[in-house]
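> Structure file protein.txt (compact mmCIF, C-alpha atoms (C1' of nucleotides)) is given on the next line.
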```txt
# COMPACT_ATOMS: atom_id res chain seq x y z
CA MET A 1048 11.64 127.68 -99.98
CA THR A 1049 11.74 127.32 -103.75
CA ASP A 1050 7.98 127.89 -103.73
CA SER A 1051 8.36 131.40 -102.39
CA THR A 1052 8.83 132.80 -105.87
CA ARG A 1053 5.39 131.60 -107.00
CA PRO A 1054 2.14 133.26 -106.05
CA ARG A 1055 0.70 131.46 -103.08
CA ALA A 1056 -2.64 130.58 -104.60
CA ARG A 1057 -1.10 128.72 -107.50
CA ARG A 1058 0.86 126.30 -105.38
CA SER A 1059 -0.49 122.99 -104.23
CA PRO A 1060 -1.22 122.73 -100.54
CA THR A 1061 1.67 121.64 -98.34
CA PRO A 1062 1.47 118.22 -96.70
CA ASP A 1063 0.35 119.88 -93.46
CA GLU A 1064 -2.37 121.79 -95.20
CA LEU A 1065 -3.47 118.73 -97.05
CA ARG A 1066 -3.63 116.78 -93.82
CA ALA A 1067 -5.87 119.43 -92.30
CA TRP A 1068 -8.05 119.36 -95.40
CA ARG A 1069 -8.40 115.62 -95.48
CA GLY A 1070 -9.10 115.52 -91.78
CA PHE A 1071 -11.79 118.11 -92.11
CA ILE A 1072 -13.64 116.61 -95.02
CA GLU A 1073 -13.35 113.02 -93.91
CA THR A 1074 -14.46 113.79 -90.38
CA ALA A 1075 -17.46 115.71 -91.61
CA GLN A 1076 -18.42 112.85 -93.88
CA THR A 1077 -18.01 110.21 -91.21
CA LEU A 1078 -19.95 112.26 -88.71
CA ASN A 1079 -22.71 112.79 -91.19
CA ALA A 1080 -22.85 109.11 -92.09
CA ARG A 1081 -23.04 108.15 -88.44
CA LEU A 1082 -25.82 110.56 -87.64
CA THR A 1083 -27.72 109.53 -90.74
CA SER A 1084 -27.42 105.88 -89.90
CA ARG A 1085 -28.66 106.41 -86.35
CA LEU A 1086 -31.55 108.51 -87.53
CA GLN A 1087 -32.52 105.80 -89.97
CA LYS A 1088 -32.32 103.01 -87.44
CA GLU A 1089 -34.04 104.86 -84.65
CA SER A 1090 -36.88 106.39 -86.56
CA GLY A 1091 -36.96 105.09 -90.12
CA LEU A 1092 -36.27 108.53 -91.55
CA THR A 1093 -33.41 109.49 -93.82
CA SER A 1094 -31.72 112.78 -93.19
CA ALA A 1095 -33.39 114.06 -96.35
CA ASP A 1096 -36.76 113.16 -94.85
CA TYR A 1097 -35.78 114.88 -91.65
CA THR A 1098 -34.72 118.04 -93.46
CA VAL A 1099 -38.03 118.26 -95.28
CA LEU A 1100 -40.09 117.50 -92.21
CA LEU A 1101 -38.17 120.08 -90.21
CA ALA A 1102 -38.78 122.78 -92.78
CA LEU A 1103 -42.46 121.92 -93.01
CA SER A 1104 -43.03 121.73 -89.30
CA GLU A 1105 -41.55 125.20 -88.90
CA ALA A 1106 -43.79 126.63 -91.62
CA ASP A 1107 -47.07 128.44 -91.04
CA GLY A 1108 -49.88 125.94 -91.10
CA ARG A 1109 -47.39 123.13 -91.69
CA ARG A 1110 -47.48 123.81 -95.42
CA LEU A 1111 -45.29 125.47 -98.02
CA ARG A 1112 -45.27 126.07 -101.72
CA SER A 1113 -42.99 123.60 -103.45
CA SER A 1114 -40.63 126.35 -104.53
CA GLU A 1115 -40.47 127.88 -101.06
CA LEU A 1116 -39.65 124.50 -99.65
CA ALA A 1117 -36.93 124.06 -102.25
CA ASP A 1118 -35.41 127.37 -101.20
CA ALA A 1119 -35.72 126.54 -97.52
CA VAL A 1120 -33.80 123.31 -97.78
CA ASP A 1121 -31.54 124.51 -100.61
CA TRP A 1122 -32.29 121.65 -102.96
CA GLU A 1123 -32.78 121.46 -106.69
CA ARG A 1124 -36.36 121.47 -107.80
CA SER A 1125 -36.30 118.06 -109.33
CA ARG A 1126 -34.65 116.53 -106.31
CA LEU A 1127 -37.41 117.89 -104.14
CA SER A 1128 -40.03 116.67 -106.55
CA HIS A 1129 -38.65 113.15 -106.59
CA HIS A 1130 -38.29 113.11 -102.85
CA LEU A 1131 -41.78 114.42 -102.21
CA ARG A 1132 -43.22 111.69 -104.37
CA ARG A 1133 -41.43 109.10 -102.27
CA MET A 1134 -42.48 110.78 -99.03
CA GLU A 1135 -46.04 111.04 -100.24
CA ASN A 1136 -46.07 107.31 -100.87
CA ARG A 1137 -45.08 106.83 -97.25
CA ASP A 1138 -47.78 109.20 -96.07
CA LEU A 1139 -45.34 111.69 -94.58
CA VAL A 1140 -46.50 114.62 -96.66
CA ARG A 1141 -49.38 115.48 -98.95
CA ARG A 1142 -49.46 117.65 -102.06
CA VAL A 1143 -52.46 119.89 -102.47
CA GLU A 1144 -53.35 122.11 -105.37
CA CYS A 1145 -52.51 125.74 -104.90
CA ALA A 1146 -55.60 127.92 -104.97
CA ASP A 1147 -54.20 131.15 -106.42
CA ASP A 1148 -51.83 129.67 -109.00
CA PHE A 1149 -52.83 126.42 -110.57
CA ARG A 1150 -49.28 125.73 -111.73
CA GLY A 1151 -48.08 125.57 -108.20
CA ALA A 1152 -48.50 122.95 -105.52
CA GLU A 1153 -48.51 123.20 -101.79
CA VAL A 1154 -46.88 120.61 -99.63
CA GLU A 1155 -48.42 119.77 -96.35
CA LEU A 1156 -47.31 117.76 -93.38
CA THR A 1157 -49.58 114.81 -92.66
CA ASP A 1158 -50.36 113.87 -89.09
CA HIS A 1159 -48.22 110.82 -89.52
CA GLY A 1160 -45.41 113.01 -90.86
CA ALA A 1161 -45.66 115.37 -87.92
CA ARG A 1162 -45.63 112.49 -85.48
CA SER A 1163 -42.67 110.84 -87.17
CA PHE A 1164 -40.75 114.07 -87.08
CA ARG A 1165 -41.42 114.65 -83.40
CA ALA A 1166 -40.44 111.10 -82.58
CA ALA A 1167 -37.22 111.37 -84.56
CA SER A 1168 -36.24 114.75 -83.28
CA VAL A 1169 -35.26 114.00 -79.70
CA PRO A 1170 -32.95 111.06 -80.33
CA HIS A 1171 -31.46 112.84 -83.32
CA LEU A 1172 -30.60 115.95 -81.35
CA ARG A 1173 -29.23 113.78 -78.60
CA ALA A 1174 -26.97 112.10 -81.10
CA VAL A 1175 -25.75 115.48 -82.31
CA ARG A 1176 -24.83 116.29 -78.76
CA GLU A 1177 -23.08 113.00 -78.16
CA LEU A 1178 -21.07 112.92 -81.34
CA PHE A 1179 -20.39 116.58 -81.94
CA VAL A 1180 -21.14 119.02 -79.14
CA ASP A 1181 -19.82 116.90 -76.30
CA ALA A 1182 -16.67 116.02 -78.21
CA LEU A 1183 -15.61 119.66 -78.21
CA THR A 1184 -14.80 122.25 -75.59
CA PRO A 1185 -16.82 125.48 -75.55
CA GLU A 1186 -13.80 127.27 -77.01
CA GLN A 1187 -13.65 124.77 -79.82
CA LEU A 1188 -17.33 125.29 -80.53
CA ASP A 1189 -16.60 129.00 -80.89
CA GLN A 1190 -13.73 128.16 -83.21
CA VAL A 1191 -16.06 126.08 -85.33
CA GLU A 1192 -18.34 129.04 -85.83
CA ALA A 1193 -15.46 131.29 -86.80
CA LEU A 1194 -14.01 128.68 -89.14
CA THR A 1195 -17.22 127.95 -90.93
CA ALA A 1196 -17.96 131.66 -91.23
CA ALA A 1197 -14.60 132.15 -92.93
CA LEU A 1198 -15.13 129.19 -95.25
CA ARG A 1199 -18.65 130.26 -96.10
CA SER A 1200 -17.60 133.74 -96.95
CA ARG A 1201 -14.92 132.35 -99.26
CA LEU A 1202 -17.49 130.09 -100.90
CA ASP A 1203 -19.87 132.97 -101.41
CA THR A 1204 -17.13 135.08 -102.94
CA ALA A 1205 -15.70 132.53 -105.34
CA PRO A 1206 -18.16 132.32 -108.24
CA ASP A 1207 -18.35 128.53 -108.56
CA ARG A 1208 -16.12 128.18 -111.62
CA ALA A 1209 -12.76 129.19 -110.12
CA ALA A 1210 -11.62 132.63 -109.11
CA GLY A 1211 -9.49 135.18 -110.93
CA MET B 352 -31.54 126.91 -65.98
CA THR B 353 -34.09 124.17 -65.50
CA ASP B 354 -31.84 121.97 -67.59
CA SER B 355 -29.12 121.97 -64.98
CA THR B 356 -30.81 119.16 -63.11
CA ARG B 357 -30.57 116.81 -66.07
CA PRO B 358 -27.40 115.05 -67.14
CA ARG B 359 -25.79 117.07 -69.88
CA ALA B 360 -25.66 114.35 -72.49
CA ARG B 361 -29.39 113.80 -72.37
CA ARG B 362 -30.31 117.37 -73.17
CA SER B 363 -30.77 118.65 -76.66
CA PRO B 364 -28.12 121.02 -77.91
CA THR B 365 -28.68 124.70 -77.13
CA PRO B 366 -29.47 127.03 -80.02
CA ASP B 367 -25.82 128.14 -80.06
CA GLU B 368 -24.59 124.60 -80.19
CA LEU B 369 -27.05 123.73 -82.88
CA ARG B 370 -25.95 126.71 -84.92
CA ALA B 371 -22.33 125.56 -84.70
CA TRP B 372 -23.38 122.07 -85.72
CA ARG B 373 -25.44 123.18 -88.67
CA GLY B 374 -22.70 125.53 -89.78
CA PHE B 375 -20.14 122.79 -89.61
CA ILE B 376 -22.05 120.14 -91.48
CA GLU B 377 -23.51 122.43 -94.10
CA THR B 378 -20.20 124.10 -94.81
CA ALA B 379 -18.48 120.78 -95.20
CA GLN B 380 -21.17 119.60 -97.58
CA THR B 381 -21.13 122.76 -99.66
CA LEU B 382 -17.36 122.72 -99.84
CA ASN B 383 -17.37 119.14 -100.90
CA ALA B 384 -20.03 119.74 -103.52
CA ARG B 385 -18.07 122.65 -104.93
CA LEU B 386 -14.80 120.76 -105.14
CA THR B 387 -16.56 117.76 -106.66
CA SER B 388 -18.23 119.88 -109.27
CA ARG B 389 -14.99 121.58 -110.25
CA LEU B 390 -13.19 118.29 -110.45
CA GLN B 391 -15.90 116.91 -112.67
CA LYS B 392 -15.93 119.89 -115.00
CA GLU B 393 -12.18 120.26 -115.22
CA SER B 394 -11.22 116.68 -115.68
CA GLY B 395 -14.27 114.49 -116.12
CA LEU B 396 -13.58 112.60 -112.91
CA THR B 397 -15.90 112.24 -109.95
CA SER B 398 -14.42 112.48 -106.52
CA ALA B 399 -14.98 108.76 -106.18
CA ASP B 400 -12.87 108.23 -109.30
CA TYR B 401 -10.23 110.53 -107.90
CA THR B 402 -10.13 108.68 -104.60
CA VAL B 403 -9.61 105.34 -106.31
CA LEU B 404 -7.02 106.66 -108.71
CA LEU B 405 -5.11 108.32 -105.87
CA ALA B 406 -4.98 105.12 -103.87
CA LEU B 407 -3.86 103.13 -106.88
CA SER B 408 -1.22 105.58 -108.00
CA GLU B 409 0.31 105.49 -104.53
CA ALA B 410 0.41 101.70 -104.50
CA ASP B 411 3.40 99.58 -105.42
CA GLY B 412 3.30 98.82 -109.12
CA ARG B 413 0.10 100.83 -109.42
CA ARG B 414 -1.96 97.83 -108.39
CA LEU B 415 -3.76 96.59 -105.33
CA ARG B 416 -5.89 93.66 -104.28
CA SER B 417 -9.54 94.60 -104.31
CA SER B 418 -9.82 94.19 -100.58
CA GLU B 419 -6.72 96.28 -99.90
CA LEU B 420 -8.13 98.99 -102.07
CA ALA B 421 -11.42 98.82 -100.20
CA ASP B 422 -9.56 99.27 -96.93
CA ALA B 423 -7.45 102.09 -98.35
CA VAL B 424 -10.41 104.17 -99.42
CA ASP B 425 -12.67 102.96 -96.59
CA TRP B 426 -15.51 101.83 -98.81
CA GLU B 427 -17.87 98.90 -98.67
CA ARG B 428 -16.86 96.00 -100.82
CA SER B 429 -19.87 96.14 -103.06
CA ARG B 430 -19.56 99.85 -103.59
CA LEU B 431 -16.01 99.37 -104.75
CA SER B 432 -17.03 96.51 -106.98
CA HIS B 433 -19.74 98.55 -108.66
CA HIS B 434 -17.47 101.50 -109.06
CA LEU B 435 -14.61 99.49 -110.48
CA ARG B 436 -16.92 98.05 -113.10
CA ARG B 437 -17.87 101.54 -114.18
CA MET B 438 -14.27 102.71 -114.13
CA GLU B 439 -13.20 99.67 -116.08
CA ASN B 440 -15.73 100.53 -118.75
CA ARG B 441 -14.11 103.92 -119.03
CA ASP B 442 -10.66 102.37 -119.26
CA LEU B 443 -9.41 103.99 -116.06
CA VAL B 444 -8.54 100.74 -114.32
CA ARG B 445 -8.18 97.08 -115.20
CA ARG B 446 -8.95 93.99 -113.16
CA VAL B 447 -6.51 91.13 -113.39
CA GLU B 448 -6.70 87.70 -111.85
CA CYS B 449 -4.71 87.27 -108.70
CA ALA B 450 -1.96 84.68 -109.10
CA ASP B 451 -1.74 83.30 -105.55
CA ASP B 452 -5.42 83.36 -104.64
CA PHE B 453 -7.88 82.70 -107.40
CA ARG B 454 -10.75 84.14 -105.39
CA GLY B 455 -9.07 87.50 -105.37
CA ALA B 456 -8.63 90.10 -108.05
CA GLU B 457 -6.03 92.75 -108.51
CA VAL B 458 -6.88 96.20 -109.69
CA GLU B 459 -4.43 98.01 -111.85
CA LEU B 460 -4.15 101.56 -113.09
CA THR B 461 -4.29 101.81 -116.87
CA ASP B 462 -2.08 104.32 -118.64
CA HIS B 463 -5.15 106.33 -119.41
CA GLY B 464 -6.14 106.19 -115.76
CA ALA B 465 -2.72 107.37 -114.65
CA ARG B 466 -2.75 110.22 -117.13
CA SER B 467 -6.26 111.27 -116.13
CA PHE B 468 -5.26 111.29 -112.50
CA ARG B 469 -2.18 113.40 -113.10
CA ALA B 470 -4.14 115.84 -115.20
CA ALA B 471 -6.84 116.15 -112.57
CA SER B 472 -4.51 116.43 -109.64
CA VAL B 473 -3.03 119.89 -110.10
CA PRO B 474 -6.25 121.82 -110.63
CA HIS B 475 -7.93 119.85 -107.88
CA LEU B 476 -5.24 120.67 -105.34
CA ARG B 477 -5.31 124.25 -106.44
CA ALA B 478 -9.04 124.33 -105.79
CA VAL B 479 -8.47 122.90 -102.32
CA ARG B 480 -6.08 125.74 -101.69
CA GLU B 481 -8.42 128.39 -103.01
CA LEU B 482 -11.55 127.25 -101.24
CA PHE B 483 -10.15 125.86 -98.01
CA VAL B 484 -6.54 126.58 -97.17
CA ASP B 485 -6.51 130.19 -98.28
CA ALA B 486 -9.79 130.92 -96.54
CA LEU B 487 -8.21 130.20 -93.17
CA THR B 488 -5.37 131.62 -91.14
CA PRO B 489 -2.51 129.31 -90.14
CA GLU B 490 -3.88 129.35 -86.60
CA GLN B 491 -7.25 128.28 -87.89
CA LEU B 492 -5.67 125.45 -89.82
CA ASP B 493 -4.12 124.24 -86.58
CA GLN B 494 -7.51 124.51 -84.93
CA VAL B 495 -9.00 122.38 -87.66
CA GLU B 496 -6.54 119.63 -86.93
CA ALA B 497 -7.27 119.75 -83.21
CA LEU B 498 -11.01 119.81 -83.81
CA THR B 499 -11.08 116.93 -86.19
CA ALA B 500 -8.81 114.94 -83.92
CA ALA B 501 -11.26 115.45 -81.07
CA LEU B 502 -14.24 114.53 -83.22
CA ARG B 503 -12.52 111.50 -84.64
CA SER B 504 -11.56 110.20 -81.26
CA ARG B 505 -15.19 110.57 -80.16
CA LEU B 506 -16.35 108.71 -83.24
CA ASP B 507 -13.88 105.91 -82.64
CA THR B 508 -14.99 105.61 -79.03
CA ALA B 509 -18.74 105.62 -79.55
CA PRO B 510 -19.62 102.15 -80.85
CA ASP B 511 -21.93 103.22 -83.68
CA ARG B 512 -25.20 102.45 -81.91
CA ALA B 513 -25.10 105.14 -79.21
CA ALA B 514 -22.89 105.32 -76.15
CA GLY B 515 -23.57 104.66 -72.49
C1' DG C 557 -10.01 63.53 -99.25
C1' DG C 558 -14.40 65.30 -98.77
C1' DA C 559 -18.02 67.95 -96.11
C1' DG C 560 -18.69 72.25 -94.14
C1' DC C 561 -17.41 76.66 -93.15
C1' DA C 562 -14.71 80.90 -94.12
C1' DT C 563 -13.27 84.41 -97.30
C1' DG C 564 -12.77 87.42 -101.64
C1' DA C 565 -15.50 89.42 -104.64
C1' DT C 566 -19.66 90.20 -107.62
C1' DT C 567 -24.60 90.79 -108.56
C1' DG C 568 -29.52 92.50 -108.36
C1' DA C 569 -32.89 95.27 -106.51
C1' DC C 570 -33.96 99.47 -104.94
C1' DG C 571 -33.89 104.30 -103.23
C1' DC C 572 -31.42 108.44 -104.27
C1' DG C 573 -29.74 112.89 -106.99
C1' DT C 574 -28.56 115.18 -111.38
C1' DC C 575 -29.38 116.69 -115.85
C1' DA C 576 -32.16 117.66 -119.71
C1' DA C 577 -36.66 117.53 -121.46
C1' DT C 578 -41.34 118.27 -120.75
C1' DC C 579 -46.02 119.57 -119.13
C1' DA C 580 -49.29 122.91 -117.37
C1' DC C 581 -50.55 127.13 -116.40
C1' DT C 582 -49.82 132.39 -116.46
C1' DT C 583 -48.60 136.71 -118.41
C1' DC C 584 -47.54 139.91 -121.84
C1' DG C 585 -47.54 142.07 -126.48
C1' DG C 586 -50.19 142.93 -130.24
C1' DC D 718 -58.53 137.33 -127.76
C1' DC D 719 -54.33 134.71 -129.45
C1' DG D 720 -49.77 133.34 -129.69
C1' DA D 721 -45.22 133.55 -127.63
C1' DA D 722 -42.41 133.84 -123.76
C1' DG D 723 -42.13 132.97 -118.84
C1' DT D 724 -42.72 130.29 -114.61
C1' DG D 725 -43.91 126.30 -111.31
C1' DA D 726 -43.37 121.79 -111.08
C1' DT D 727 -42.85 116.93 -112.80
C1' DT D 728 -40.75 113.19 -115.49
C1' DG D 729 -37.24 109.92 -117.53
C1' DA D 730 -32.79 108.34 -118.06
C1' DC D 731 -28.81 107.38 -115.92
C1' DG D 732 -24.92 106.97 -112.64
C1' DC D 733 -24.37 106.12 -107.76
C1' DG D 734 -24.44 103.52 -102.95
C1' DT D 735 -26.61 100.16 -99.76
C1' DC D 736 -28.30 95.88 -98.44
C1' DA D 737 -28.97 91.12 -98.93
C1' DA D 738 -28.05 87.23 -101.67
C1' DT D 739 -24.86 84.71 -104.37
C1' DC D 740 -20.74 82.63 -106.58
C1' DA D 741 -16.25 80.81 -106.49
C1' DT D 742 -12.33 79.46 -104.27
C1' DG D 743 -9.62 78.32 -100.13
C1' DC D 744 -9.19 76.16 -95.52
C1' DT D 745 -9.96 72.84 -91.69
C1' DC D 746 -10.84 68.90 -89.40
C1' DC D 747 -12.45 64.34 -89.06
```
Give the structure from the file, written as structure tokens.


Amino acid sequence: MTDSTRPRARRSPTPDELRAWRGFIETAQTLNARLTSRLQKESGLTSADYTVLLALSEADGRRLRSSELADAVDWERSRLSHHLRRMENRDLVRRVECADDFRGAEVELTDHGARSFRAASVPHLRAVRELFVDALTPEQLDQVEALTAALRSRLDTAPDRAAG
Amino acid sequence: MTDSTRPRARRSPTPDELRAWRGFIETAQTLNARLTSRLQKESGLTSADYTVLLALSEADGRRLRSSELADAVDWERSRLSHHLRRMENRDLVRRVECADDFRGAEVELTDHGARSFRAASVPHLRAVRELFVDALTPEQLDQVEALTAALRSRLDTAPDRAAG
DNA sequence: GGAGCATGATTGACGCGTCAATCACTTCGG
DNA sequence: CCGAAGTGATTGACGCGTCAATCATGCTCC
């Protein structure tokens, strides 16, 4: 216990803690990669596409201001802009001029985009069930919520560049 | 309960389940982004750099065959190859011809690479403690291990393109 | 021992995401 | 009004990761 004289937060994680950390982050990444790959194969959409289409299909009139969309999906502006250009080229979305503020643009789901999203949705959600939900007990699912709540609250507290 | 007539795995997740899923994957991504950004700012290394340097500094003689390194970090060959080129340009690693098999290459930590890794390591591990370990109770850390074990075993079982 | 296949690794093309710079339009102060 | 500051959104450059193609060397079997 030579570490016990140092403040806890300044020590490196113990091997056990590090194992938990690595397990957590690697599992999340693998899971994400697997879901993404299935989504792509089954429906030709990336998970970025899916995120955008989901946000748009939930919006009133299937359209959103660019900035609202950026907030909804929590992306940087320029990332959204680049991605919308690519999605527009594939006829998944359409940009239309905004009537009340000519700086702004509105983004609209095309019919093809709406259809693609609907077609992707069912197999995607099924995959989430297979690879995540069904792998865990109901108690574990509750634990997940508690864990992520705790982590999120820590993330919200710590102001990006380290804490005091 | 109209769903109760359908096999469980074919249903979409319930709203609760979906919330747990979204919480899990988004938290993991945010956490990862935060750690990556701190690592980058504090030491000029990406997490990809860090991963490679960690694997190499744990290897005998600070060197590994390219393919062994690829296995160690679980990357595609070509990704590793691209990344090593970039790291070589920054004098973090060096490629040397392999004596016993002239197809192969060995990758070696440079002194500068070793120093960069050591310098990055302490603040990085401290950040892991701050943002992950210290956000959770010891019980929760145990839960994380059990959860990820369950998820991993599911991932290993399901043969990438869906399960029966 | 040479043809054909296997293996280790690299390359090129391309879509992606970040950062900094920029463009276009609006608003505010005078 | 006009100019300056503010705001919504796009662009360009660049590093990254994937996929398919390729290169170079080693291996096998007749």

> Got a sec to pull out which chain C residues are within 7 Å of chain B, counting all atoms listed in the file, and send them as a ChimeraX atom specification?

/C:564-566

> For chain A, which residues have at least one atom within 7 Å of chain B, if we go by only C-alpha atoms? Write them as a ChimeraX atom specification, please.

/A:1056-1060,1064,1067,1070-1072,1074-1075,1081,1085,1172-1173,1176-1180,1182-1183,1187-1188,1191-1192,1194-1195,1197-1199,1201-1202,1207-1208

> Please, which residues of chain D lie no more than 12 Å from chain A when the count uses all atoms listed in the file, and can they be set out as number ranges by chain?

D: 724-729, 735

> The selected residues should be written to file as a PDB file, in the coordinates of the input (atoms: C-alpha atoms (C1' of nucleotides)).


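Ended up saving to result-v1.pdb:
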```pdb
ATOM      1  C1'  DT D 724     -42.720 130.290-114.610  1.00  0.00           C
ATOM      2  C1'  DG D 725     -43.910 126.300-111.310  1.00  0.00           C
ATOM      3  C1'  DA D 726     -43.370 121.790-111.080  1.00  0.00           C
ATOM      4  C1'  DT D 727     -42.850 116.930-112.800  1.00  0.00           C
ATOM      5  C1'  DT D 728     -40.750 113.190-115.490  1.00  0.00           C
ATOM      6  C1'  DG D 729     -37.240 109.920-117.530  1.00  0.00           C
ATOM      7  C1'  DT D 735     -26.610 100.160 -99.760  1.00  0.00           C
TER       8       DT D 735
END
```

> Pick out the closest residue to C:DC572 from this set: D:DG723, D:DC740, D:DC733, D:DC718. Count all atoms listed in the file.

D:DC733

> Given the point (-3.3, 94.4, -105.5) in the coordinates of this file, which residues lie within 10 Å, counting only C-alpha atoms (C1' of nucleotides), and how would they look as a ChimeraX atom specification?

/B:407,410-420,446-449,455-459

> Quote the spacing between atom CA of A:Thr1157 and atom CA of A:Arg1137 in Å to one decimal place.

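Computing the Euclidean distance for atom CA of A:Thr1157 and atom CA of A:Arg1137 yields 10.2 Å.
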
> Excluding A:Leu1086 and residues on its chain fewer than 5 positions from it, collect all residues at most 8 Å away from it, counting only C-alpha atoms (C1' of nucleotides), and give them as a ChimeraX atom specification.

/A:1091-1094,1167,1170-1171

> Hey, can you check how far atom CA of A:His1159 sits from atom CA of A:Glu1135?

10.9 Å

> As a list in words, please: the residues near D:DG732 (cut-off 10 Å, only C-alpha atoms (C1' of nucleotides), same-chain neighbours under 4 positions excluded).

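Near D:DG732, the qualifying residues are His434 and Arg437 of chain B; DG573 and DT574 of chain C.
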
> For C:DG568, work out the shell of residues within 10 Å, counting all atoms listed in the file and skipping chain neighbours fewer than 4 positions away, then give it as a list in words.

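Result of the neighbour search: DA737, DA738 and DT739 of chain D.
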
> Can you measure atom C1' of C:DC570 to atom CA of A:Thr1083 for me? One decimal in Å is fine.

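So the two atoms, atom C1' of C:DC570 and atom CA of A:Thr1083, lie 18.5 Å apart.
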
> When you look at B:Val403 with a cut-off of 10 Å (counting only C-alpha atoms (C1' of nucleotides)), what residues show up, excluding the ones that are within fewer than 3 positions of it in the same chain? I need them as a list in words.

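Returned residues: Ser398, Ala399, Asp400, Ala406, Leu407, Ser408, Leu420, Ala421, Ala423, Val424, Leu431, His434, Leu435, Met438, Leu443, Val444, Leu460 and Phe468 of chain B.
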